[in-house]
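A.B. asks: My structure is stored as my_file-v4.txt, with compact mmCIF, C-alpha atoms.
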# COMPACT_ATOMS: atom_id res chain seq x y z
CA MET D 1 15.88 -7.44 -74.18
CA ASN D 2 12.73 -5.29 -74.57
CA ALA D 3 11.16 -7.08 -71.61
CA MET D 4 14.19 -6.18 -69.50
CA LYS D 5 13.98 -2.50 -70.54
CA ASN D 6 10.25 -2.46 -69.73
CA SER D 7 10.93 -4.01 -66.31
CA LEU D 8 13.63 -1.42 -65.55
CA PHE D 9 11.28 1.36 -66.67
CA ILE D 10 8.49 0.06 -64.41
CA ILE D 11 10.85 -0.26 -61.43
CA ALA D 12 12.22 3.24 -62.01
CA SER D 13 8.66 4.64 -62.23
CA ILE D 14 7.67 2.97 -58.97
CA CYS D 15 10.78 4.31 -57.22
CA LEU D 16 10.09 7.86 -58.45
CA THR D 17 6.47 7.64 -57.30
CA ILE D 18 7.53 6.48 -53.84
CA LEU D 19 10.17 9.21 -53.56
CA SER D 20 7.78 11.95 -54.65
CA SER D 21 5.12 10.84 -52.16
CA CYS D 22 7.72 10.93 -49.37
CA LYS D 23 8.75 14.43 -50.44
CA ASN D 24 5.12 15.64 -50.39
CA ASN D 25 4.59 14.28 -46.87
CA GLU D 26 7.84 15.91 -45.76
CA SER D 27 6.77 19.33 -47.09
CA GLN D 28 3.48 19.08 -45.18
CA THR D 29 5.22 18.52 -41.87
CA SER D 30 8.51 20.34 -42.36
CA ILE D 31 7.20 23.52 -40.77
CA PHE D 32 6.99 21.57 -37.49
CA THR D 33 10.64 20.52 -37.73
CA ARG D 34 12.07 23.82 -38.99
CA LEU D 35 10.32 26.31 -36.72
CA GLU D 36 9.81 26.68 -32.97
CA PRO D 37 6.34 26.14 -31.42
CA SER D 38 6.25 29.83 -30.44
CA ASN D 39 6.61 30.94 -34.09
CA LYS D 40 3.50 32.54 -35.65
CA ASN D 41 3.60 30.38 -38.80
CA TYR D 42 4.06 27.23 -36.70
CA LYS D 43 1.10 28.08 -34.45
CA ASP D 44 -1.15 28.93 -37.40
CA ALA D 45 -0.21 25.72 -39.28
CA LEU D 46 -0.83 23.63 -36.15
CA ALA D 47 -4.22 25.29 -35.62
CA ARG D 48 -5.20 24.40 -39.21
CA LYS D 49 -4.16 20.77 -38.66
CA ILE D 50 -6.12 20.50 -35.41
CA ALA D 51 -9.22 22.20 -36.82
CA GLY D 52 -9.16 19.92 -39.86
CA ASP D 53 -9.16 16.59 -38.03
CA THR D 54 -10.27 16.55 -34.41
CA ASP D 55 -11.03 12.80 -34.23
CA ASN D 56 -7.63 11.37 -35.19
CA ILE D 57 -5.35 13.47 -33.02
CA ILE D 58 -3.44 12.22 -29.98
CA TYR D 59 -2.31 14.63 -27.25
CA ILE D 60 0.55 13.65 -24.94
CA LEU D 61 1.48 15.92 -22.03
CA ASN D 62 5.10 17.09 -21.97
CA SER D 63 5.06 19.72 -19.21
CA TYR D 64 3.29 22.50 -17.33
CA LYS D 65 4.55 26.07 -17.72
CA GLU D 66 3.78 29.47 -16.27
CA ASN D 67 4.53 32.67 -18.14
CA ASN D 68 3.45 36.23 -17.27
CA GLY D 69 0.79 35.00 -14.85
CA LYS D 70 -0.74 32.60 -17.39
CA GLU D 71 -0.60 28.83 -17.25
CA PHE D 72 0.10 26.52 -20.19
CA LEU D 73 0.46 22.87 -21.05
CA ASN D 74 3.23 21.93 -23.45
CA VAL D 75 1.77 19.01 -25.40
CA ASN D 76 3.00 16.67 -28.12
CA ILE D 77 0.29 16.55 -30.79
CA GLU D 78 0.24 13.64 -33.22
CA GLY D 79 -2.01 13.49 -36.25
CA PRO D 80 -2.19 11.12 -39.20
CA ASP D 81 0.33 13.18 -41.17
CA PHE D 82 2.12 15.35 -38.62
CA ASN D 83 3.82 15.45 -35.22
CA ALA D 84 4.15 18.80 -33.48
CA THR D 85 4.43 20.47 -30.11
CA GLY D 86 1.57 22.68 -29.04
CA ILE D 87 1.34 25.24 -26.29
CA ILE D 88 -2.15 25.19 -24.82
CA LEU D 89 -3.39 28.07 -22.67
CA VAL D 90 -5.34 26.83 -19.64
CA ASP D 91 -7.53 29.21 -17.65
CA ASN D 92 -10.18 26.62 -16.75
CA TRP D 93 -8.63 23.68 -14.88
CA ASN D 94 -11.79 21.55 -14.87
CA LYS D 95 -10.65 17.89 -15.16
CA LEU D 96 -6.98 19.01 -15.01
CA GLU D 97 -6.85 19.84 -11.29
CA LYS D 98 -4.30 17.12 -10.49
CA ILE D 99 -1.95 18.32 -13.23
CA LYS D 100 -2.23 21.88 -11.93
CA GLY D 101 -1.70 20.75 -8.33
CA THR D 102 1.56 18.99 -9.20
CA LYS D 103 2.52 21.52 -11.90
CA GLY D 104 2.64 18.59 -14.30
CA LEU D 105 5.13 16.54 -12.29
CA GLY D 106 4.33 12.85 -12.61
CA TYR D 107 2.11 13.39 -15.64
CA SER D 108 4.73 13.77 -18.36
CA GLY D 109 3.92 11.24 -21.09
CA ALA D 110 0.25 10.93 -20.08
CA GLU D 111 -2.30 10.94 -22.88
CA LEU D 112 -4.92 13.66 -22.69
CA LYS D 113 -7.70 11.57 -24.20
CA GLY D 114 -10.57 13.45 -25.76
CA LEU D 115 -8.86 16.82 -25.34
CA LYS D 116 -10.89 19.67 -26.79
CA VAL D 117 -9.21 22.97 -27.57
CA GLY D 118 -10.56 26.20 -28.89
CA ILE D 119 -8.61 28.04 -31.56
CA GLU D 120 -8.40 31.81 -31.35
CA GLU D 121 -6.88 33.96 -34.06
CA ASN D 122 -4.13 36.26 -32.87
CA PRO D 123 -1.63 38.53 -34.70
CA ASN D 124 1.20 36.60 -33.01
CA GLY D 125 -0.17 33.22 -34.12
CA ALA D 126 -3.19 31.12 -33.27
CA ILE D 127 -3.86 30.52 -29.58
CA LEU D 128 -4.89 27.03 -28.49
CA ARG D 129 -7.13 27.29 -25.42
CA TYR D 130 -8.19 24.33 -23.27
CA LYS D 131 -11.94 23.63 -23.32
CA ASP D 132 -12.56 20.09 -22.07
CA LEU D 133 -11.08 16.65 -21.51
CA LYS D 134 -12.48 13.13 -21.45
CA GLU D 135 -9.75 11.56 -19.32
CA ILE D 136 -6.06 11.46 -18.45
CA VAL D 137 -4.47 8.11 -19.34
CA ASP D 138 -1.26 7.85 -17.36
Please, can you express the file's structure as structure tokens?
C.D. replies:
Amino acid sequence: MNAMKNSLFIIASICLTILSSCKNNESQTSIFTRLEPSNKNYKDALARKIAGDTDNIIYILNSYKENNGKEFLNVNIEGPDFNATGIILVDNWNKLEKIKGTKGLGYSGAELKGLKVGIEENPNGAILRYKDLKEIVD
């Protein structure tokens, strides 16, 4: 009987450990599910994630947008412990000429391999600014 109680205790402990680790991962990424990409807290949290791990991040193009004379890429950004949407300001179209020429049409879902972005602090939330790109994998 004691062996059965010990087994139940061990199983319960394992289940609680698994549940708590899932909860911790959820709290790390919940800002990206609760808030909009234009929100200051969202932009600042995303900038911290990008700055903390530039080698393990995948960028997938969603769309091209223009707003107030500025041009942006709406990009899905996937890291080891998060998935978010980023709005990247582009004022240097080097290596992105084809995307600009088609305004993103035909490139949705393409990976922006080796994308480099600069992060600028701003009172309205961090600004992600395009710097360079290795290649577009369509």
A.B. asks: Output as JSON lines one row per residue of region 86-107 of chain D within 6 Å of region 121-130 of chain D: the closest atom pair and its distance in Å to one decimal place, counting all atoms listed in the file, sorted by chain and residue number ascending.
C.D. replies:
{"residue": "D:Ile88", "atom": "CA", "partner": "D:Leu128", "partner_atom": "CA", "distance": 4.9}
{"residue": "D:Leu89", "atom": "CA", "partner": "D:Arg129", "partner_atom": "CA", "distance": 4.7}
{"residue": "D:Val90", "atom": "CA", "partner": "D:Tyr130", "partner_atom": "CA", "distance": 5.2}
A.B. asks: Hey, which of D:Thr85, D:Ser63, D:Asn74, D:Thr54 ends up closest to Glu36 (chain D)? Count all atoms listed in the file.
C.D. replies: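 Checking each candidate against Glu36 (chain D), we get D:Thr85 as the closest.
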A.B. asks: Taking (2.8, 14.5, -13.9) in the file's coordinates as the center, which residues reach within 9 Å of it, counting all atoms listed in the file, put as a PyMOL selection string?
C.D. replies: chain D and resi 61-64+98-99+102-110+138
A.B. asks: Take CA of Ile60 (chain D) and CA of Asp132 (chain D) and report the distance between them in Å, one decimal.
C.D. replies: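 CA of Asp132 (chain D) lies 14.9 Å from CA of Ile60 (chain D).
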A.B. asks: Report, in Å to a single decimal, how far apart CA of Glu97 (chain D) and CA of Phe82 (chain D) are.
C.D. replies: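 Separating CA of Phe82 (chain D) from CA of Glu97 (chain D) is a distance of 29.1 Å.
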A.B. asks: Which polymer residues, protein or nucleic acid, are no farther than 10 Å from (2.7, 29.9, -37.0), counting only C-alpha atoms, as a PDB file with C-alpha atoms, in the coordinates of the input?
C.D. replies:
ATOM      1  CA  ILE D  31       7.200  23.520 -40.770  1.00  0.00           C
ATOM      2  CA  PHE D  32       6.990  21.570 -37.490  1.00  0.00           C
ATOM      3  CA  LEU D  35      10.320  26.310 -36.720  1.00  0.00           C
ATOM      4  CA  GLU D  36       9.810  26.680 -32.970  1.00  0.00           C
ATOM      5  CA  PRO D  37       6.340  26.140 -31.420  1.00  0.00           C
ATOM      6  CA  SER D  38       6.250  29.830 -30.440  1.00  0.00           C
ATOM      7  CA  ASN D  39       6.610  30.940 -34.090  1.00  0.00           C
ATOM      8  CA  LYS D  40       3.500  32.540 -35.650  1.00  0.00           C
ATOM      9  CA  ASN D  41       3.600  30.380 -38.800  1.00  0.00           C
ATOM     10  CA  TYR D  42       4.060  27.230 -36.700  1.00  0.00           C
ATOM     11  CA  LYS D  43       1.100  28.080 -34.450  1.00  0.00           C
ATOM     12  CA  ASP D  44      -1.150  28.930 -37.400  1.00  0.00           C
ATOM     13  CA  ALA D  45      -0.210  25.720 -39.280  1.00  0.00           C
ATOM     14  CA  LEU D  46      -0.830  23.630 -36.150  1.00  0.00           C
ATOM     15  CA  ALA D  47      -4.220  25.290 -35.620  1.00  0.00           C
ATOM     16  CA  ARG D  48      -5.200  24.400 -39.210  1.00  0.00           C
ATOM     17  CA  PRO D 123      -1.630  38.530 -34.700  1.00  0.00           C
ATOM     18  CA  ASN D 124       1.200  36.600 -33.010  1.00  0.00           C
ATOM     19  CA  GLY D 125      -0.170  33.220 -34.120  1.00  0.00           C
ATOM     20  CA  ALA D 126      -3.190  31.120 -33.270  1.00  0.00           C
ATOM     21  CA  ILE D 127      -3.860  30.520 -29.580  1.00  0.00           C
TER      22      ILE D 127
END
A.B. asks: Show which residues sit within 8 Å of Ile136 (chain D), as an NGL selection string. Count all atoms listed in the file, and ignore same-chain residues fewer than 2 positions away.
C.D. replies: :D and (110-113 or 133-134 or 138)
A.B. asks: Work out where the centre of an axis-aligned box around every listed atom of region 113-117 of chain D lies and how long its edges are once 6 Å is added on each side; give both in Å to one decimal as JSON.
C.D. replies:
{"center_x": -9.3, "center_y": 17.3, "center_z": -25.9, "size_x": 15.2, "size_y": 23.4, "size_z": 15.4}
A.B. asks: CA of Ala51 (chain D) and CA of Ile119 (chain D), how far apart in Å?
C.D. replies: 7.9 Å
A.B. asks: Which residue out of D:Gly79, D:Gly101, D:Asn94, D:Leu73 has the minimum interatomic distance to Asp55 (chain D) when all atoms listed in the file are used?
C.D. replies: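 Smallest distance to Asp55 (chain D) is found for D:Gly79.
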